[in-house]
Structure formats: structure tokens, C-alpha cells
>>> print(open('data-v2.pdb').read())   # PDB, C-alpha atoms, pLDDT in the B column
ATOM      1  CA  ASN A 495      20.144  -0.633   0.956  1.00 67.00           C
ATOM      2  CA  ALA A 496      17.852  -0.461  -2.098  1.00 77.00           C
ATOM      3  CA  GLY A 497      14.627  -1.378  -0.261  1.00 91.00           C
ATOM      4  CA  VAL A 498      12.043  -2.989  -2.546  1.00 95.00           C
ATOM      5  CA  THR A 499      12.897  -3.218  -6.238  1.00 96.00           C
ATOM      6  CA  GLN A 500      10.631  -4.294  -9.083  1.00 97.00           C
ATOM      7  CA  THR A 501      11.236  -5.180 -12.710  1.00 96.00           C
ATOM      8  CA  PRO A 502      10.193  -4.406 -15.353  1.00 96.00           C
ATOM      9  CA  LYS A 503       8.861  -0.858 -14.929  1.00 95.00           C
ATOM     10  CA  PHE A 504       6.617  -1.084 -17.972  1.00 96.00           C
ATOM     11  CA  ARG A 505       5.299  -3.952 -20.069  1.00 96.00           C
ATOM     12  CA  ILE A 506       2.776  -4.441 -22.834  1.00 97.00           C
ATOM     13  CA  LEU A 507       1.353  -7.926 -23.263  1.00 97.00           C
ATOM     14  CA  LYS A 508      -0.930  -9.418 -25.850  1.00 97.00           C
ATOM     15  CA  ILE A 509      -4.003 -11.299 -24.667  1.00 97.00           C
ATOM     16  CA  GLY A 510      -3.067 -14.855 -23.761  1.00 96.00           C
ATOM     17  CA  GLN A 511       0.632 -14.171 -23.189  1.00 97.00           C
ATOM     18  CA  SER A 512       2.336 -14.919 -19.885  1.00 96.00           C
ATOM     19  CA  MET A 513       4.928 -13.048 -17.886  1.00 96.00           C
ATOM     20  CA  THR A 514       6.605 -12.855 -14.508  1.00 97.00           C
ATOM     21  CA  LEU A 515       6.880  -9.656 -12.497  1.00 98.00           C
ATOM     22  CA  GLN A 516       9.986  -9.650 -10.348  1.00 98.00           C
ATOM     23  CA  CYS A 517      10.237  -8.298  -6.805  1.00 98.00           C
ATOM     24  CA  THR A 518      13.252  -8.258  -4.520  1.00 97.00           C
ATOM     25  CA  GLN A 519      13.778  -6.739  -1.079  1.00 96.00           C
ATOM     26  CA  ASP A 520      17.061  -6.369   0.808  1.00 94.00           C
ATOM     27  CA  MET A 521      15.660  -5.520   4.250  1.00 91.00           C
ATOM     28  CA  ASN A 522      15.424  -9.146   5.418  1.00 90.00           C
ATOM     29  CA  HIS A 523      11.664  -8.779   5.784  1.00 91.00           C
ATOM     30  CA  ASN A 524       9.642 -11.901   6.382  1.00 91.00           C
ATOM     31  CA  TYR A 525       6.416 -10.620   4.857  1.00 91.00           C
ATOM     32  CA  MET A 526       5.993  -9.766   1.186  1.00 94.00           C
ATOM     33  CA  TYR A 527       2.912  -8.697  -0.739  1.00 95.00           C
ATOM     34  CA  TRP A 528       1.625  -8.098  -4.233  1.00 97.00           C
ATOM     35  CA  TYR A 529      -1.027  -5.466  -4.887  1.00 95.00           C
ATOM     36  CA  ARG A 530      -2.684  -4.114  -7.970  1.00 96.00           C
ATOM     37  CA  GLN A 531      -3.884  -0.551  -8.332  1.00 93.00           C
ATOM     38  CA  ASP A 532      -6.403   0.306 -11.000  1.00 91.00           C
ATOM     39  CA  PRO A 533      -6.670   3.927 -12.201  1.00 84.00           C
ATOM     40  CA  GLY A 534      -8.030   6.227  -9.505  1.00 79.00           C
ATOM     41  CA  MET A 535      -8.429   3.383  -7.048  1.00 83.00           C
ATOM     42  CA  GLY A 536      -6.782   2.083  -3.927  1.00 85.00           C
ATOM     43  CA  LEU A 537      -4.645  -1.010  -3.580  1.00 90.00           C
ATOM     44  CA  LYS A 538      -6.014  -4.522  -3.702  1.00 91.00           C
ATOM     45  CA  LEU A 539      -4.067  -7.458  -2.308  1.00 91.00           C
ATOM     46  CA  ILE A 540      -3.372 -10.237  -4.801  1.00 95.00           C
ATOM     47  CA  TYR A 541      -1.101 -12.594  -2.838  1.00 95.00           C
ATOM     48  CA  TYR A 542       1.113 -12.397   0.177  1.00 94.00           C
ATOM     49  CA  SER A 543       3.811 -14.463   1.842  1.00 94.00           C
ATOM     50  CA  VAL A 544       4.781 -14.783   5.492  1.00 91.00           C
ATOM     51  CA  GLY A 545       8.141 -16.352   4.726  1.00 92.00           C
ATOM     52  CA  ALA A 546      10.055 -18.521   2.287  1.00 94.00           C
ATOM     53  CA  GLY A 547       7.929 -21.414   1.121  1.00 94.00           C
ATOM     54  CA  ILE A 548       4.649 -19.960   2.437  1.00 95.00           C
ATOM     55  CA  THR A 549       2.151 -18.035   0.326  1.00 96.00           C
ATOM     56  CA  ASP A 550      -1.529 -17.203   0.640  1.00 93.00           C
ATOM     57  CA  LYS A 551      -4.265 -15.608  -1.424  1.00 93.00           C
ATOM     58  CA  GLY A 552      -5.412 -12.048  -0.991  1.00 90.00           C
ATOM     59  CA  GLU A 553      -8.593 -10.364  -2.258  1.00 87.00           C
ATOM     60  CA  VAL A 554      -8.037 -10.776  -6.023  1.00 93.00           C
ATOM     61  CA  PRO A 555      -5.828 -13.865  -6.700  1.00 96.00           C
ATOM     62  CA  ASN A 556      -7.536 -15.194  -9.828  1.00 96.00           C
ATOM     63  CA  GLY A 557      -5.277 -15.201 -12.881  1.00 96.00           C
ATOM     64  CA  TYR A 558      -2.077 -14.949 -10.838  1.00 97.00           C
ATOM     65  CA  ASN A 559       0.415 -17.253  -9.182  1.00 97.00           C
ATOM     66  CA  VAL A 560       3.288 -16.648  -6.798  1.00 97.00           C
ATOM     67  CA  SER A 561       6.216 -18.492  -5.298  1.00 95.00           C
ATOM     68  CA  ARG A 562       8.616 -17.651  -2.478  1.00 97.00           C
ATOM     69  CA  SER A 563      11.757 -19.753  -2.627  1.00 96.00           C
ATOM     70  CA  THR A 564      13.952 -17.193  -0.825  1.00 96.00           C
ATOM     71  CA  THR A 565      13.401 -14.455   1.755  1.00 95.00           C
ATOM     72  CA  GLU A 566      14.434 -11.801  -0.773  1.00 96.00           C
ATOM     73  CA  ASP A 567      12.389 -12.687  -3.849  1.00 97.00           C
ATOM     74  CA  PHE A 568       8.652 -12.865  -4.460  1.00 98.00           C
ATOM     75  CA  PRO A 569       7.811 -13.133  -8.180  1.00 98.00           C
ATOM     76  CA  LEU A 570       4.274 -12.769  -9.487  1.00 98.00           C
ATOM     77  CA  ARG A 571       3.268 -14.866 -12.477  1.00 97.00           C
ATOM     78  CA  LEU A 572       0.503 -13.933 -14.911  1.00 96.00           C
ATOM     79  CA  GLU A 573      -0.775 -16.815 -16.993  1.00 90.00           C
ATOM     80  CA  LEU A 574      -2.966 -16.154 -20.030  1.00 93.00           C
ATOM     81  CA  ALA A 575      -3.036 -12.381 -19.676  1.00 96.00           C
ATOM     82  CA  ALA A 576      -6.426 -10.671 -20.032  1.00 96.00           C
ATOM     83  CA  PRO A 577      -7.333  -6.983 -20.546  1.00 96.00           C
ATOM     84  CA  SER A 578      -8.773  -6.953 -17.017  1.00 96.00           C
ATOM     85  CA  GLN A 579      -5.221  -7.399 -15.732  1.00 97.00           C
ATOM     86  CA  THR A 580      -4.175  -4.026 -17.106  1.00 97.00           C
ATOM     87  CA  SER A 581      -3.087  -2.250 -13.953  1.00 97.00           C
ATOM     88  CA  VAL A 582      -0.147  -1.027 -11.913  1.00 96.00           C
ATOM     89  CA  TYR A 583       1.373  -3.747  -9.773  1.00 98.00           C
ATOM     90  CA  PHE A 584       3.132  -2.965  -6.519  1.00 97.00           C
ATOM     91  CA  CYS A 585       5.257  -5.255  -4.445  1.00 97.00           C
ATOM     92  CA  ALA A 586       5.717  -4.510  -0.748  1.00 95.00           C
ATOM     93  CA  SER A 587       7.432  -5.989   2.284  1.00 93.00           C
ATOM     94  CA  SER A 588       7.205  -5.688   6.039  1.00 89.00           C
ATOM     95  CA  SER A 589       9.084  -6.906   9.083  1.00 82.00           C
ATOM     96  CA  ILE A 590       7.841  -9.407  11.651  1.00 71.00           C
ATOM     97  CA  LEU A 591       9.444  -7.418  14.453  1.00 68.00           C
ATOM     98  CA  ARG A 592       6.912  -5.897  16.840  1.00 60.00           C
ATOM     99  CA  ASP A 593       8.060  -2.297  16.601  1.00 57.00           C
ATOM    100  CA  TYR A 594       8.848  -2.283  12.887  1.00 60.00           C
ATOM    101  CA  ARG A 595       5.670  -3.425  11.270  1.00 68.00           C
ATOM    102  CA  GLU A 596       5.541  -0.775   8.613  1.00 78.00           C
ATOM    103  CA  GLN A 597       5.070  -1.783   5.023  1.00 85.00           C
ATOM    104  CA  TYR A 598       7.383  -0.520   2.284  1.00 90.00           C
ATOM    105  CA  PHE A 599       6.584  -0.409  -1.411  1.00 93.00           C
ATOM    106  CA  GLY A 600       8.487  -0.806  -4.635  1.00 94.00           C
ATOM    107  CA  PRO A 601       8.114   1.683  -7.518  1.00 93.00           C
ATOM    108  CA  GLY A 602       5.578  -0.418  -9.401  1.00 95.00           C
ATOM    109  CA  THR A 603       5.223  -2.219 -12.737  1.00 97.00           C
ATOM    110  CA  ARG A 604       2.807  -0.716 -15.253  1.00 96.00           C
ATOM    111  CA  LEU A 605       1.219  -3.486 -17.265  1.00 97.00           C
ATOM    112  CA  THR A 606      -1.022  -3.086 -20.304  1.00 97.00           C
ATOM    113  CA  VAL A 607      -2.775  -6.084 -21.858  1.00 97.00           C
ATOM    114  CA  THR A 608      -4.141  -5.507 -25.365  1.00 95.00           C
TER     115      THR A 608
ATOM    116  CA  GLY B  12     -12.313  -8.373   2.550  1.00 59.00           C
ATOM    117  CA  GLN B  13     -12.307  -5.612   5.113  1.00 68.00           C
ATOM    118  CA  GLN B  14     -13.478  -2.211   3.970  1.00 74.00           C
ATOM    119  CA  LEU B  15     -11.839   1.044   4.922  1.00 89.00           C
ATOM    120  CA  ASN B  16     -13.814   4.201   4.356  1.00 94.00           C
ATOM    121  CA  GLN B  17     -11.546   7.144   3.660  1.00 95.00           C
ATOM    122  CA  SER B  18     -12.799  10.686   3.394  1.00 96.00           C
ATOM    123  CA  PRO B  19     -12.885  13.071   1.792  1.00 96.00           C
ATOM    124  CA  GLN B  20     -12.333  11.620  -1.656  1.00 94.00           C
ATOM    125  CA  SER B  21     -10.683  14.831  -2.856  1.00 95.00           C
ATOM    126  CA  MET B  22      -9.836  18.288  -1.556  1.00 95.00           C
ATOM    127  CA  PHE B  23      -9.013  21.600  -3.194  1.00 96.00           C
ATOM    128  CA  ILE B  24      -7.332  23.989  -0.781  1.00 95.00           C
ATOM    129  CA  GLN B  25      -5.293  27.164  -0.781  1.00 96.00           C
ATOM    130  CA  GLU B  26      -1.614  27.094   0.086  1.00 97.00           C
ATOM    131  CA  GLY B  27      -1.176  27.708   3.815  1.00 97.00           C
ATOM    132  CA  GLU B  28      -4.447  26.075   4.842  1.00 97.00           C
ATOM    133  CA  ASP B  29      -4.661  23.097   7.171  1.00 97.00           C
ATOM    134  CA  VAL B  30      -6.005  19.766   5.911  1.00 96.00           C
ATOM    135  CA  SER B  31      -7.719  16.898   7.687  1.00 97.00           C
ATOM    136  CA  MET B  32      -8.644  13.466   6.370  1.00 97.00           C
ATOM    137  CA  ASN B  33      -9.765  10.314   8.103  1.00 97.00           C
ATOM    138  CA  CYS B  34     -10.358   6.609   7.791  1.00 97.00           C
ATOM    139  CA  THR B  35     -12.854   4.344   9.475  1.00 97.00           C
ATOM    140  CA  SER B  36     -13.085   0.579   9.506  1.00 95.00           C
ATOM    141  CA  SER B  37     -15.675  -1.989  10.500  1.00 91.00           C
ATOM    142  CA  SER B  38     -12.923  -4.038  12.162  1.00 91.00           C
ATOM    143  CA  ILE B  39     -10.184  -3.198  14.613  1.00 93.00           C
ATOM    144  CA  PHE B  40      -6.583  -2.887  13.538  1.00 93.00           C
ATOM    145  CA  ASN B  41      -3.391  -3.072  15.560  1.00 90.00           C
ATOM    146  CA  THR B  42      -1.495  -0.673  13.292  1.00 91.00           C
ATOM    147  CA  TRP B  43      -2.579   2.316  11.240  1.00 94.00           C
ATOM    148  CA  LEU B  44      -0.384   3.685   8.476  1.00 94.00           C
ATOM    149  CA  TRP B  45      -0.597   6.780   6.300  1.00 96.00           C
ATOM    150  CA  TYR B  46       1.010   6.911   2.855  1.00 95.00           C
ATOM    151  CA  LYS B  47       1.450   9.532   0.130  1.00 96.00           C
ATOM    152  CA  GLN B  48       1.551   8.556  -3.509  1.00 94.00           C
ATOM    153  CA  ASP B  49       2.834  10.866  -6.231  1.00 93.00           C
ATOM    154  CA  PRO B  50       1.861  10.235  -9.879  1.00 86.00           C
ATOM    155  CA  GLY B  51       3.759   7.280 -11.342  1.00 85.00           C
ATOM    156  CA  GLU B  52       5.322   6.342  -8.021  1.00 89.00           C
ATOM    157  CA  GLY B  53       4.750   3.786  -5.308  1.00 90.00           C
ATOM    158  CA  PRO B  54       3.192   4.775  -1.968  1.00 92.00           C
ATOM    159  CA  VAL B  55       5.652   6.296   0.484  1.00 92.00           C
ATOM    160  CA  LEU B  56       5.133   5.789   4.202  1.00 91.00           C
ATOM    161  CA  LEU B  57       4.476   9.012   6.135  1.00 94.00           C
ATOM    162  CA  ILE B  58       3.446   7.938   9.618  1.00 94.00           C
ATOM    163  CA  ALA B  59       2.931   4.640  11.461  1.00 92.00           C
ATOM    164  CA  LEU B  60       0.732   4.316  14.571  1.00 93.00           C
ATOM    165  CA  TYR B  61       0.854   1.306  16.886  1.00 90.00           C
ATOM    166  CA  LYS B  62      -1.290   2.013  19.947  1.00 91.00           C
ATOM    167  CA  ALA B  63      -4.875   3.105  20.441  1.00 94.00           C
ATOM    168  CA  GLY B  64      -4.919   6.806  21.287  1.00 95.00           C
ATOM    169  CA  GLU B  65      -1.401   7.373  19.958  1.00 94.00           C
ATOM    170  CA  LEU B  66      -0.761  10.802  18.463  1.00 96.00           C
ATOM    171  CA  THR B  67       2.330  11.044  16.247  1.00 94.00           C
ATOM    172  CA  SER B  68       3.843  13.913  14.280  1.00 95.00           C
ATOM    173  CA  ASN B  69       6.199  14.013  11.333  1.00 92.00           C
ATOM    174  CA  GLY B  70       7.003  17.621  10.533  1.00 95.00           C
ATOM    175  CA  ARG B  71       3.748  19.308   9.478  1.00 97.00           C
ATOM    176  CA  LEU B  72       1.903  15.996   9.561  1.00 97.00           C
ATOM    177  CA  THR B  73       0.051  14.704  12.608  1.00 97.00           C
ATOM    178  CA  ALA B  74      -1.858  11.441  12.799  1.00 97.00           C
ATOM    179  CA  GLN B  75      -3.825   9.710  15.523  1.00 97.00           C
ATOM    180  CA  PHE B  76      -4.822   6.111  16.176  1.00 96.00           C
ATOM    181  CA  GLY B  77      -8.439   6.151  17.328  1.00 95.00           C
ATOM    182  CA  ILE B  78      -9.352   4.871  20.780  1.00 95.00           C
ATOM    183  CA  THR B  79     -11.751   2.304  19.318  1.00 93.00           C
ATOM    184  CA  ARG B  80      -8.935   1.044  17.017  1.00 93.00           C
ATOM    185  CA  LYS B  81     -11.365   1.418  14.128  1.00 94.00           C
ATOM    186  CA  ASP B  82     -10.352   4.844  12.917  1.00 96.00           C
ATOM    187  CA  SER B  83      -7.470   7.192  12.286  1.00 97.00           C
ATOM    188  CA  PHE B  84      -7.007  10.735  11.059  1.00 97.00           C
ATOM    189  CA  LEU B  85      -4.224  12.642   9.352  1.00 98.00           C
ATOM    190  CA  ASN B  86      -3.751  16.391   9.603  1.00 98.00           C
ATOM    191  CA  ILE B  87      -1.455  18.478   7.436  1.00 97.00           C
ATOM    192  CA  SER B  88      -0.742  21.970   8.711  1.00 97.00           C
ATOM    193  CA  ALA B  89       0.201  24.992   6.590  1.00 97.00           C
ATOM    194  CA  SER B  90      -0.064  23.131   3.290  1.00 97.00           C
ATOM    195  CA  ILE B  91       2.447  23.786   0.510  1.00 96.00           C
ATOM    196  CA  PRO B  92       2.293  22.946  -3.213  1.00 95.00           C
ATOM    197  CA  SER B  93       4.479  19.837  -2.819  1.00 95.00           C
ATOM    198  CA  ASP B  94       1.801  18.325  -0.551  1.00 96.00           C
ATOM    199  CA  VAL B  95      -0.182  17.620  -3.721  1.00 96.00           C
ATOM    200  CA  GLY B  96      -0.768  13.908  -4.195  1.00 96.00           C
ATOM    201  CA  ILE B  97      -2.974  11.061  -3.089  1.00 95.00           C
ATOM    202  CA  TYR B  98      -2.980  10.087   0.575  1.00 97.00           C
ATOM    203  CA  PHE B  99      -3.879   6.554   1.605  1.00 95.00           C
ATOM    204  CA  CYS B 100      -4.654   5.122   4.995  1.00 96.00           C
ATOM    205  CA  ALA B 101      -3.938   1.472   5.713  1.00 93.00           C
ATOM    206  CA  GLY B 102      -4.781  -0.791   8.621  1.00 92.00           C
ATOM    207  CA  ARG B 103      -2.905  -3.915   9.627  1.00 89.00           C
ATOM    208  CA  ASP B 104      -4.693  -6.905  11.138  1.00 86.00           C
ATOM    209  CA  ASN B 105      -3.385  -9.646  13.411  1.00 83.00           C
ATOM    210  CA  PHE B 106      -2.332 -11.715  10.411  1.00 81.00           C
ATOM    211  CA  ASN B 107      -0.047  -8.942   9.147  1.00 79.00           C
ATOM    212  CA  LYS B 108      -2.357  -8.231   6.218  1.00 83.00           C
ATOM    213  CA  PHE B 109      -2.825  -4.612   5.228  1.00 86.00           C
ATOM    214  CA  TYR B 110      -6.055  -3.058   4.002  1.00 90.00           C
ATOM    215  CA  PHE B 111      -6.104   0.260   2.163  1.00 91.00           C
ATOM    216  CA  GLY B 112      -8.534   3.107   1.901  1.00 92.00           C
ATOM    217  CA  SER B 113      -9.510   4.417  -1.523  1.00 91.00           C
ATOM    218  CA  GLY B 114      -7.385   7.541  -1.125  1.00 94.00           C
ATOM    219  CA  THR B 115      -7.788  11.290  -0.667  1.00 96.00           C
ATOM    220  CA  LYS B 116      -6.619  13.361  -3.611  1.00 96.00           C
ATOM    221  CA  LEU B 117      -5.167  16.642  -2.373  1.00 97.00           C
ATOM    222  CA  ASN B 118      -4.858  19.679  -4.616  1.00 96.00           C
ATOM    223  CA  VAL B 119      -3.091  22.792  -3.312  1.00 95.00           C
ATOM    224  CA  LYS B 120      -3.446  26.125  -5.084  1.00 92.00           C
ATOM    225  CA  PRO B 121      -0.406  28.405  -4.740  1.00 88.00           C
TER     226      PRO B 121
END
>>> encode(input="data-v2.pdb", output="C-alpha cells")
Amino acid sequence: NAGVTQTPKFRILKIGQSMTLQCTQDMNHNYMYWYRQDPGMGLKLIYYSVGAGITDKGEVPNGYNVSRSTTEDFPLRLELAAPSQTSVYFCASSSILRDYREQYFGPGTRLTVT
Amino acid sequence: GQQLNQSPQSMFIQEGEDVSMNCTSSSIFNTWLWYKQDPGEGPVLLIALYKAGELTSNGRLTAQFGITRKDSFLNISASIPSDVGIYFCAGRDNFNKFYFGSGTKLNVKP
């Protein structure tokens, strides 16, 4: 049981490039989330999903896209990368079950846009 | 979005001292969570609280879900150097969205 896994761990992008951050969970969780964490700050929700085929915007969705074709995977797409997207990106998942509504995080992807 | 106010922002304490930090929200939550984040790592769940008034312990950590459902605190007793890190509170709303505090940075002097 690996929990939440993310790839890559580090990435440097040039302005205007695109990339996809991968996230996979093996806990059969319905809910999945993408956050960004800027230096010295808390976590801000980018997008989340309540199940396969269903996604919704969080606080800071601009510049990002997501898809959820399976329960396990929730990739985050950056189109036309900008320096403001330099951050650490965390994927998380949680269960729908009443007594197990904790949220678990992956190790993060550190992205630099130059 | 909803704002969580977490305090203090940072703490410098001596090993062996007790620590207390808290979070308040303008909205009610149905779950409060406390996480610890080490440098270069993702947040790790410490304690989850599900009912107003609930008091839960995990080793030297104790957390409570406020009666108003708008606040929570975390206490760490007899701090040790490995307690160093950033502690985050998070509240979960009825739509299963989580909102995070800005973190409390804990420094422990041996």
C-alpha cells in the first residue's frame, strides 16, 4: 500500500512550456485534490475531484487543468508555464466513508519556472 | 475562500517545554485535522477530530475540536528536538473540501 504517489519529484520548466504532474493513490479514495504551497505559506487548493469523471475548481485554478478518468489517477496539467507557477505541488486523497475522512498527502513535486 | 487563522506563526521553545497552538475559522467545520510538515516533505496527518468537544490524544500530542465547531487547538507535551517542523491545522466542510491554516513553525532548542 503505497498511499499517494507523485511524479516527478523535481522539474524545471521554461516560460511557455507545458507539463503534466502525475498523481496516483491506491487507497480506493473517492476524493482527490491538488494544492500548491508557496515558500513559507500554507496550502492553496487548485482543483479537486469527488470521483472519476467529476472535477471542480478550488481557490487558485487559473493556469491549470485536471482530468479524472479513473479512481486512482488525478493528473494536473500546466499549460503555458509562468514564473508565478513556481511552487511545490501536493496531491492528496480522502475517503468518502464517514469515519475515515482524513486527507493523505503525496511527497510533492517541486516545480521551477524560469 | 474560507480563512483559517492559525497562531502563533512561530515558536522558539526549550526541549521539555509544553507547546500550544490553535486555529480559528469564520465558518463551522465538521472535521478538524492537524498535520506536521518536515522540510522537503508532504504534510503528515497527526490527529483527526470529528465531533464538537472531542478531545483526542496521539502520544504526546493532544487536540480538541471546539464546541462552536469554529476552532481547534493542538498541544504538544514535553517537546523533543524531533518535534521541530511546521504544524498545520485544516478544517473540512460539508463538501469534503479542506482549508488550511498558514502554519506554526516550531523550533526546539536542545
>>> interface_residues(input="data-v2.pdb", of="chain B", to="chain A", cutoff="8 Å", atoms="all atoms listed in the file", output="VMD selection string")
chain B and resid 12 42 44 52 to 56 59 99 107 110 to 114
>>> residues_around(input="data-v2.pdb", residues="stretch 74-87 of chain B", least_positions_apart="2", cutoff="10 Å", atoms="only C-alpha atoms", output="JSON, numbers by chain")
{"B": [15, 16, 17, 18, 27, 28, 29, 30, 31, 32, 33, 34, 35, 36, 37, 38, 39, 40, 41, 42, 43, 44, 45, 57, 58, 59, 60, 61, 62, 63, 64, 65, 66, 67, 68, 69, 70, 71, 72, 89, 90, 91, 94, 98, 99, 100, 101, 102]}
>>> closest_residue(input="data-v2.pdb", among="B:Phe109, B:Tyr46, B:Gln25, B:Asp104", to="A:Trp528", atoms="only C-alpha atoms")
B:Phe109
>>> resolve_selection(input="data-v2.pdb", expression="the PyMOL selection byres ((chain A and resi 607) around 12)", output="NGL selection string")
:A and (504-513 or 572-582 or 604-606 or 608)
>>> residues_around(input="data-v2.pdb", residues="A:Asp567", least_positions_apart="6", cutoff="9 Å", atoms="all atoms listed in the file", output="PyMOL selection string")
chain A and resi 516-519+526+546+561
>>> atom_distance(input="data-v2.pdb", atom1="atom CA of A:Met521", atom2="atom CA of A:Leu570")
19.3 Å
>>> atom_distance(input="data-v2.pdb", atom1="atom CA of B:Glu26", atom2="atom CA of B:Ser88")
10.1 Å
>>> resolve_selection(input="data-v2.pdb", expression="the PyMOL selection byres ((chain B and resi 23) around 10)", output="ChimeraX atom specification")
/B:21-22,24-26,30,95,116-120
>>> atom_distance(input="data-v2.pdb", atom1="atom CA of B:Gly96", atom2="atom CA of B:Thr115")
8.3 Å
>>> axis_aligned_box(input="data-v2.pdb", around="stretch 36-53 of chain B", padding_each_side="8 Å", output="lines of an AutoDock Vina configuration file")
center_x = -5.2
center_y = 3.4
center_z = 2.1
size_x = 37.0
size_y = 30.9
size_z = 42.9
>>> closest_residue(input="data-v2.pdb", among="A:Gly547, A:Gly497, A:Pro533, A:Pro502", to="A:Thr565", atoms="all atoms listed in the file")
A:Gly547
>>> build_atoms(input="data-v2.pdb", residues="stretch 509-526 of chain A", atoms="N, CA and C atoms", output="CSV table (one decimal), keeping the file's coordinate frame")
chain,number,residue,atom,x,y,z
A,509,ILE,N,-3.1,-10.4,-25.3
A,509,ILE,CA,-4.0,-11.3,-24.7
A,509,ILE,C,-3.5,-12.7,-24.8
A,510,GLY,N,-3.5,-13.5,-23.7
A,510,GLY,CA,-3.1,-14.9,-23.8
A,510,GLY,C,-1.6,-15.1,-23.5
A,511,GLN,N,-0.8,-14.0,-23.5
A,511,GLN,CA,0.6,-14.2,-23.2
A,511,GLN,C,0.8,-14.3,-21.7
A,512,SER,N,2.0,-14.8,-21.3
A,512,SER,CA,2.3,-14.9,-19.9
A,512,SER,C,3.6,-14.1,-19.6
A,513,MET,N,3.7,-13.7,-18.3
A,513,MET,CA,4.9,-13.0,-17.9
A,513,MET,C,5.1,-13.2,-16.4
A,514,THR,N,6.3,-12.9,-15.9
A,514,THR,CA,6.6,-12.9,-14.5
A,514,THR,C,7.1,-11.5,-14.1
A,515,LEU,N,6.4,-10.9,-13.1
A,515,LEU,CA,6.9,-9.7,-12.5
A,515,LEU,C,7.8,-10.0,-11.3
A,516,GLN,N,9.0,-9.3,-11.4
A,516,GLN,CA,10.0,-9.6,-10.3
A,516,GLN,C,9.9,-8.7,-9.2
A,517,CYS,N,10.2,-9.1,-8.0
A,517,CYS,CA,10.2,-8.3,-6.8
A,517,CYS,C,11.3,-8.8,-5.9
A,518,THR,N,12.2,-7.9,-5.4
A,518,THR,CA,13.3,-8.3,-4.5
A,518,THR,C,13.3,-7.2,-3.4
A,519,GLN,N,13.6,-7.7,-2.2
A,519,GLN,CA,13.8,-6.7,-1.1
A,519,GLN,C,15.1,-7.1,-0.3
A,520,ASP,N,15.8,-6.1,0.1
A,520,ASP,CA,17.1,-6.4,0.8
A,520,ASP,C,17.0,-5.9,2.3
A,521,MET,N,15.8,-5.9,2.9
A,521,MET,CA,15.7,-5.5,4.2
A,521,MET,C,15.5,-6.7,5.2
A,522,ASN,N,15.6,-7.9,4.6
A,522,ASN,CA,15.4,-9.1,5.4
A,522,ASN,C,14.0,-9.2,6.0
A,523,HIS,N,13.0,-8.7,5.3
A,523,HIS,CA,11.7,-8.8,5.8
A,523,HIS,C,11.1,-10.2,5.5
A,524,ASN,N,10.3,-10.6,6.5
A,524,ASN,CA,9.6,-11.9,6.4
A,524,ASN,C,8.4,-11.8,5.4
A,525,TYR,N,7.7,-10.7,5.6
A,525,TYR,CA,6.4,-10.6,4.9
A,525,TYR,C,6.6,-9.9,3.5
A,526,MET,N,6.0,-10.4,2.5
A,526,MET,CA,6.0,-9.8,1.2
A,526,MET,C,4.6,-9.8,0.6
